[in-house]
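Colleague: Encoded as structure tokens, here's the structure I'll be asking about.
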Amino acid sequence: MTTSPTSTSPTAAPAAPAAGESIEAERRGRLRVGSRRAGRRALVLGGLVAAVAATFLLALAVGSVAVPLDETLRVLAGRQPHDPRWTVVVGQIRLPRALTAALAGAALGVAGLQMQTLFRNPLADPYSLGVSSGASLGVALVVAGIGGSGGTFTARVAGSDRFGVVIAGAAGAAVVLAAVLLLANWVRSVVTLLVIGVILGSAVSSVVSLLLTWTAPERAIQYWTWSLGSFAGTSSSDLTVFAPAVGLGLLVALASVKPLNALLLGENYARTLGLRLRRVRAVTLLGASVLAGAVTAFCGPVAFLGIAVPHVARRLLDTADHRVLVPGTLLTGALLALACSIAAQLPGTGLVLPINVITALVGAPIVIAVLLRARVDVAGVG
Amino acid sequence: MTQTTQTTQATQAGLCLEDLAVGYRRRALRPSSLRGRPGRSVRSGRAVLAGLSAAAPRGQLTVLLGPNGIGKSTLLRTLAGLQPPLAGRVRLDGADLGQLSGAERARLVGVVLTDRVQIGLLTAAELVGLGRHPHTGPTGRLTDADHAIVRWALDAVHARHLAGRPVDELSDGERQRVMMARALAQEPSMILLDEPTAFLDAPSRVTVTALLRRLARERNLAVIVSTHDLELSLRVADQVWLVDRTGALHTGHPDEVVGSGAVNTSFDGDDLRFDPATRTFELRGPL
């Protein structure tokens with residue numbers, strides 16, 4: 001057995017640098033290449049953190065009434081601002097809204113990333129398996145008066161008591177999620193699973209349409225309003241449920257960066273690396289669906305962020321490595337959702353646009369640009 | 001069934017098939033926990049190949065040959081643990097691979113499949129780093145030692161210069177070498193390769209095949225490679241596993257397998273004939 005010093009044993013290689021000069025040269029080379037990439041990524045991640053913080057502050061300061069930044073900080077610090085109304089505007093209206101937007105954006109972005117990696121499909125998004133359709137069905141059932149007493153419902157949707165909508169949305173999402181998880185146990189191919197999810201979503205959507213044709217127009221419009229999405233309806237007490245649910249989902253995603261990376265190679269390679277595919281698939285679907293379901297229940301089916309944000313993060317960070325990409329997507333999602341939330345309030349005017357109008361207007365060009373930039377032979381998830 | 005290797009293989013270092021049957025189980029709506037028990041009867045599935053007994057010693061290049069569609073990939077998938085055997089056992093250095101967990105097996109068996117890997121935004125070094133998966137902690141962070149192994153693996157396949165290149169910019173030959181480096185980075189005892197030279201031009205084929213033999217020797221690996229490149233593989237292989245048209249497995253040194261006439265019974269057709277003397281195919285009759 002003849003061996004050359006550089007290729008004898010991998011464990012011996014670092015301990016015994018036989019050709020010191022070349023090893024030193026190659027270490028410098030590795031450091032040069034490796035550290036430049038790592039440095040760039042750290043820079044981008046740091047920039048994202050700063051941008052999220054700045055946008056968050058901006059989301060508190062601008063709107064129908066502009067509050068000076070120093071006064072905004074003063075309210076945040078719990079002190080009395082110049083104008084006492086600003087305490088209410090910033091602390092009770094804009095703070096929950098900005099927190100909701102940041103959490104929802106992070107949740108949808110990360111869920112989209114999980115789904116795109118799991119399905120190895122650049123068009124997969126948090127709703128690919130019909131979670132939002134399930135939530136829609138739940139809300140539609142309530143609106144149509146089947147799930148609750150119709151008389152008080154208008155008040156519920158209007159925001160004084162959103163309990164019914166949130167519960168209905170969450171229950172609908174959970175039912176679809178359970179069905180999909182059950183299917184995922186039987187269906188071996190992820191492509192089949194994805195197709196089933198899309199078809200299931202379409203079927204559920206048509207049931208929603210059917211329900212709404214039998215609903216009085218003045219009640220159906222409540223559903224319509226919900227379906228346009230809003231970050232503004234979440235109260236502080238809503239946040240005590242919403243924030244932990246999103247936090248849990250994000251933790252699951254952050255804890256599964258290693259299996260997600262292995263899945264980049266495809267399911268067969270991932271299995272030869274020792275990945276327990278069924279378990280990883282179930283945990284990922286569960287985590288992504290909790291994220292998407294929570295957002296849909298509290299904010300409505302917010303479109304486009306889930307599909308667009310992972311692509312933006314990949315381009316920004318120039319990597320498919322989930323150890324960088326999951327935090328990057330989390331931050332990018334929060335940033336874009338906050339920006340959309342600010343845009344939706346149309347600063348300087350009293351108008352408020354539906355959040356889905358903004359996310360679609362921002363998201364659609366991004367998705368199209370990404371698809372145009374992606375080369376034909378590249379799947380686009382890596 | 002010709003059995004040219006010795007029968008006392010249990011103690012031998014390397015891979016050992018014991019009366020193995022491979023194929024596909026009948027699709028049944030049963031929980032997965034009931035499937036895949038070793039030693040179950042073949043009746044519950046469709047056996048593609050059965051009664052396989054063979055050895056692939058460490059330090060040697062074993063080539064798996066046979067006509068298209070005979071079940072070579074199914075056999076390799078079974079050896080890789082991607083599907084359970086229908087019957088029999090697969091032992092590596094005496095350990096029953098069927099009894100190991102996925103992570104344990106991943107530390108023993110490196111695999112290069114025909115699946116095309118499409119990862120745009122990953123460098124070759126990062127791709128090879130994924131091979132450290134069975135050895136890294138819960139976050140998958142690579143230590144300095146892991147990075148050293150990645151560099152060593154790239155060196156071993158002469159691909160160090162590709163380390164910083166995006167995977168989707170590599171040629172087929174370069175990509176195949178990087179995938180081999182990824183398998184090496186698992187620090188396995190055995191490497192399985194399913195038609196690694198299929199999409200390569202002639203020089204790359206020779207390079208990759210020679211590389212496989214060198215890796216087997218230098219790293220004392222059992223290397224098992226399926227290929228259609230009969231002429232080249234008969235020249236460089238240490239062991240041949242030949243599945244003939246009846247599904248019987250002929251094993252042994254290339255000389256023995258060629259001498260037994262098994263190559264002729266497996267591959268000769270109306271137009272083409274294998275000449276044992278020159279070990280090349282020749283056309284039969286006028287075109």
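Letters for chains follow the order of the structure tokens (A, B, ...), residue numbers begin at 1 for each chain, and ligand numbers begin at 1 in the order shown.
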Provide as a VMD selection string the residues of chain B at most 8 Å from chain A, counting only C-alpha atoms.
Modeller: chain B and resid 29 80 to 82 101 to 106 109 to 111 113 115 117 to 122 130 to 131 133 to 134 138 to 140 145 148 to 149 152 to 153 155 to 156 164 168 217 to 219
Colleague: Excluding Arg235 of chain B and any residue of its chain fewer than 4 positions from it, enumerate the residues within 10 Å of it, using only C-alpha atoms, and give them as a PyMOL selection string.
Modeller: chain B and resi 230-231+254-255+279
Colleague: Output the selection as a tab-separated table (two decimals), in the first residue's frame - N, CA and C atoms for each residue.
Modeller:
```tsv
chain	number	residue	atom	x	y	z
B	230	LEU	N	-17.54	-2.21	-19.96
B	230	LEU	CA	-17.06	-3.57	-19.72
B	230	LEU	C	-15.57	-3.71	-19.99
B	231	GLU	N	-15.13	-3.19	-21.14
B	231	GLU	CA	-13.75	-3.41	-21.55
B	231	GLU	C	-12.77	-2.77	-20.58
B	254	PRO	N	-11.23	-10.93	-12.78
B	254	PRO	CA	-11.64	-10.79	-14.18
B	254	PRO	C	-11.26	-11.98	-15.05
B	255	ASP	N	-10.04	-12.52	-14.84
B	255	ASP	CA	-9.62	-13.66	-15.66
B	255	ASP	C	-10.56	-14.84	-15.50
B	279	ARG	N	-10.48	-9.34	-25.06
B	279	ARG	CA	-11.37	-8.70	-24.09
B	279	ARG	C	-12.01	-7.44	-24.66
```
Colleague: As a count of residues only, please: every residue in segment 122-209 of chain B that a backbone DSSP assignment puts in strand (DSSP E).
Modeller: 5
Colleague: List as a PyMOL selection string the protein and nucleic acid residues near Leu232 of chain B, meaning an atom at most 9 Å away when only C-alpha atoms are counted, but skip any in the same chain fewer than 5 places from it.
Modeller: chain B and resi 205-206+209+237
Colleague: For the residues in that selection, give me all heavy atoms as a PDB file, in the first residue's frame.
Modeller:
```
ATOM      1  N   ARG B 205     -13.452   8.956 -18.053  1.00  0.00           N
ATOM      2  CA  ARG B 205     -13.804   7.618 -17.592  1.00  0.00           C
ATOM      3  C   ARG B 205     -12.589   6.888 -17.060  1.00  0.00           C
ATOM      4  O   ARG B 205     -12.629   6.281 -15.993  1.00  0.00           O
ATOM      5  CB  ARG B 205     -14.369   6.815 -18.757  1.00  0.00           C
ATOM      6  CG  ARG B 205     -15.864   6.824 -18.798  1.00  0.00           C
ATOM      7  CD  ARG B 205     -16.306   5.910 -19.899  1.00  0.00           C
ATOM      8  NE  ARG B 205     -17.236   6.643 -20.741  1.00  0.00           N
ATOM      9  CZ  ARG B 205     -17.794   6.159 -21.808  1.00  0.00           C
ATOM     10  NH1 ARG B 205     -17.501   4.933 -22.201  1.00  0.00           N
ATOM     11  NH2 ARG B 205     -18.637   6.870 -22.496  1.00  0.00           N
ATOM     12  N   VAL B 206     -11.503   6.957 -17.838  1.00  0.00           N
ATOM     13  CA  VAL B 206     -10.269   6.277 -17.418  1.00  0.00           C
ATOM     14  C   VAL B 206      -9.770   6.909 -16.116  1.00  0.00           C
ATOM     15  O   VAL B 206      -9.392   6.211 -15.174  1.00  0.00           O
ATOM     16  CB  VAL B 206      -9.200   6.368 -18.522  1.00  0.00           C
ATOM     17  CG1 VAL B 206      -7.892   5.766 -18.041  1.00  0.00           C
ATOM     18  CG2 VAL B 206      -9.685   5.652 -19.779  1.00  0.00           C
ATOM     19  N   THR B 209     -12.036   5.830 -13.185  1.00  0.00           N
ATOM     20  CA  THR B 209     -11.894   4.417 -12.864  1.00  0.00           C
ATOM     21  C   THR B 209     -10.547   4.137 -12.192  1.00  0.00           C
ATOM     22  O   THR B 209     -10.479   3.401 -11.192  1.00  0.00           O
ATOM     23  CB  THR B 209     -12.041   3.567 -14.137  1.00  0.00           C
ATOM     24  OG1 THR B 209     -13.214   3.993 -14.837  1.00  0.00           O
ATOM     25  CG2 THR B 209     -12.179   2.105 -13.799  1.00  0.00           C
ATOM     26  N   ALA B 237     -10.329  -3.902 -12.863  1.00  0.00           N
ATOM     27  CA  ALA B 237     -11.004  -4.408 -11.667  1.00  0.00           C
ATOM     28  C   ALA B 237     -10.183  -5.491 -10.970  1.00  0.00           C
ATOM     29  O   ALA B 237      -9.440  -6.240 -11.614  1.00  0.00           O
ATOM     30  CB  ALA B 237     -12.373  -4.965 -12.046  1.00  0.00           C
TER      31      ALA B 237
END
```
Colleague: For Ile358 of chain A, find every residue with an atom within 9 Å (counting only C-alpha atoms), except residues of its own chain fewer than 5 positions away, and show them as a list in words.
Modeller: Cys340, Ser341, Ala343, Ala344, Leu353 and Gly363 of chain A
Colleague: Find the residues around Ala95 of chain B up to 10 Å (only C-alpha atoms counted), leave out those fewer than 5 positions away in its own chain, and share them as a PyMOL selection string.
Modeller: chain B and resi 10+14-16+89-90+100
Colleague: Leaving out segment 84-87 of chain A and any residue of its chain fewer than 4 positions from it, which residues lie within 10 Å of it when counting only C-alpha atoms, given as a count of residues only?
Modeller: 17
Colleague: Return as an NGL selection string the full set of residues in segment 15-127 of chain A whose backbone-based DSSP assignment is alpha helix (DSSP H).
Modeller: :A and (15 or 20-61 or 69-76 or 85-86 or 95-119)
Colleague: Between atom CA of Ser209 of chain A and atom CA of Leu108 of chain A, what distance in Å does the model show, to one decimal?
Modeller: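 Going from atom CA of Ser209 of chain A over to atom CA of Leu108 of chain A covers 24.8 Å.
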Colleague: Need to verify the contact set: Leu192 of chain B, 12 Å, only C-alpha atoms, exclusion of same-chain residues closer than 5 positions in sequence. Can you return it as a ChimeraX atom specification?
Modeller: /A:272 /B:15,56,61-64,72-73,75-81,106,108-114,179-180,183-184,212,216,221-227
Colleague: Would you mind reading off the distance between atom CA of Thr192 of chain A and atom CA of Val180 of chain A, one decimal, in Å?
Modeller: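 Separation between atom CA of Thr192 of chain A and atom CA of Val180 of chain A: 11.6 Å.
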Colleague: For Val88 of chain A, which of A:Ala297, A:Ala170, A:Ala111, A:Leu60 is the closest residue, counting only C-alpha atoms?
Modeller: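 The answer is A:Leu60, which sits nearest to Val88 of chain A.
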Colleague: Quote the spacing between atom CA of Pro276 of chain B and atom CA of Val263 of chain B in Å to one decimal place.
Modeller: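 Atom-to-atom, atom CA of Pro276 of chain B to atom CA of Val263 of chain B, that is 8.3 Å.
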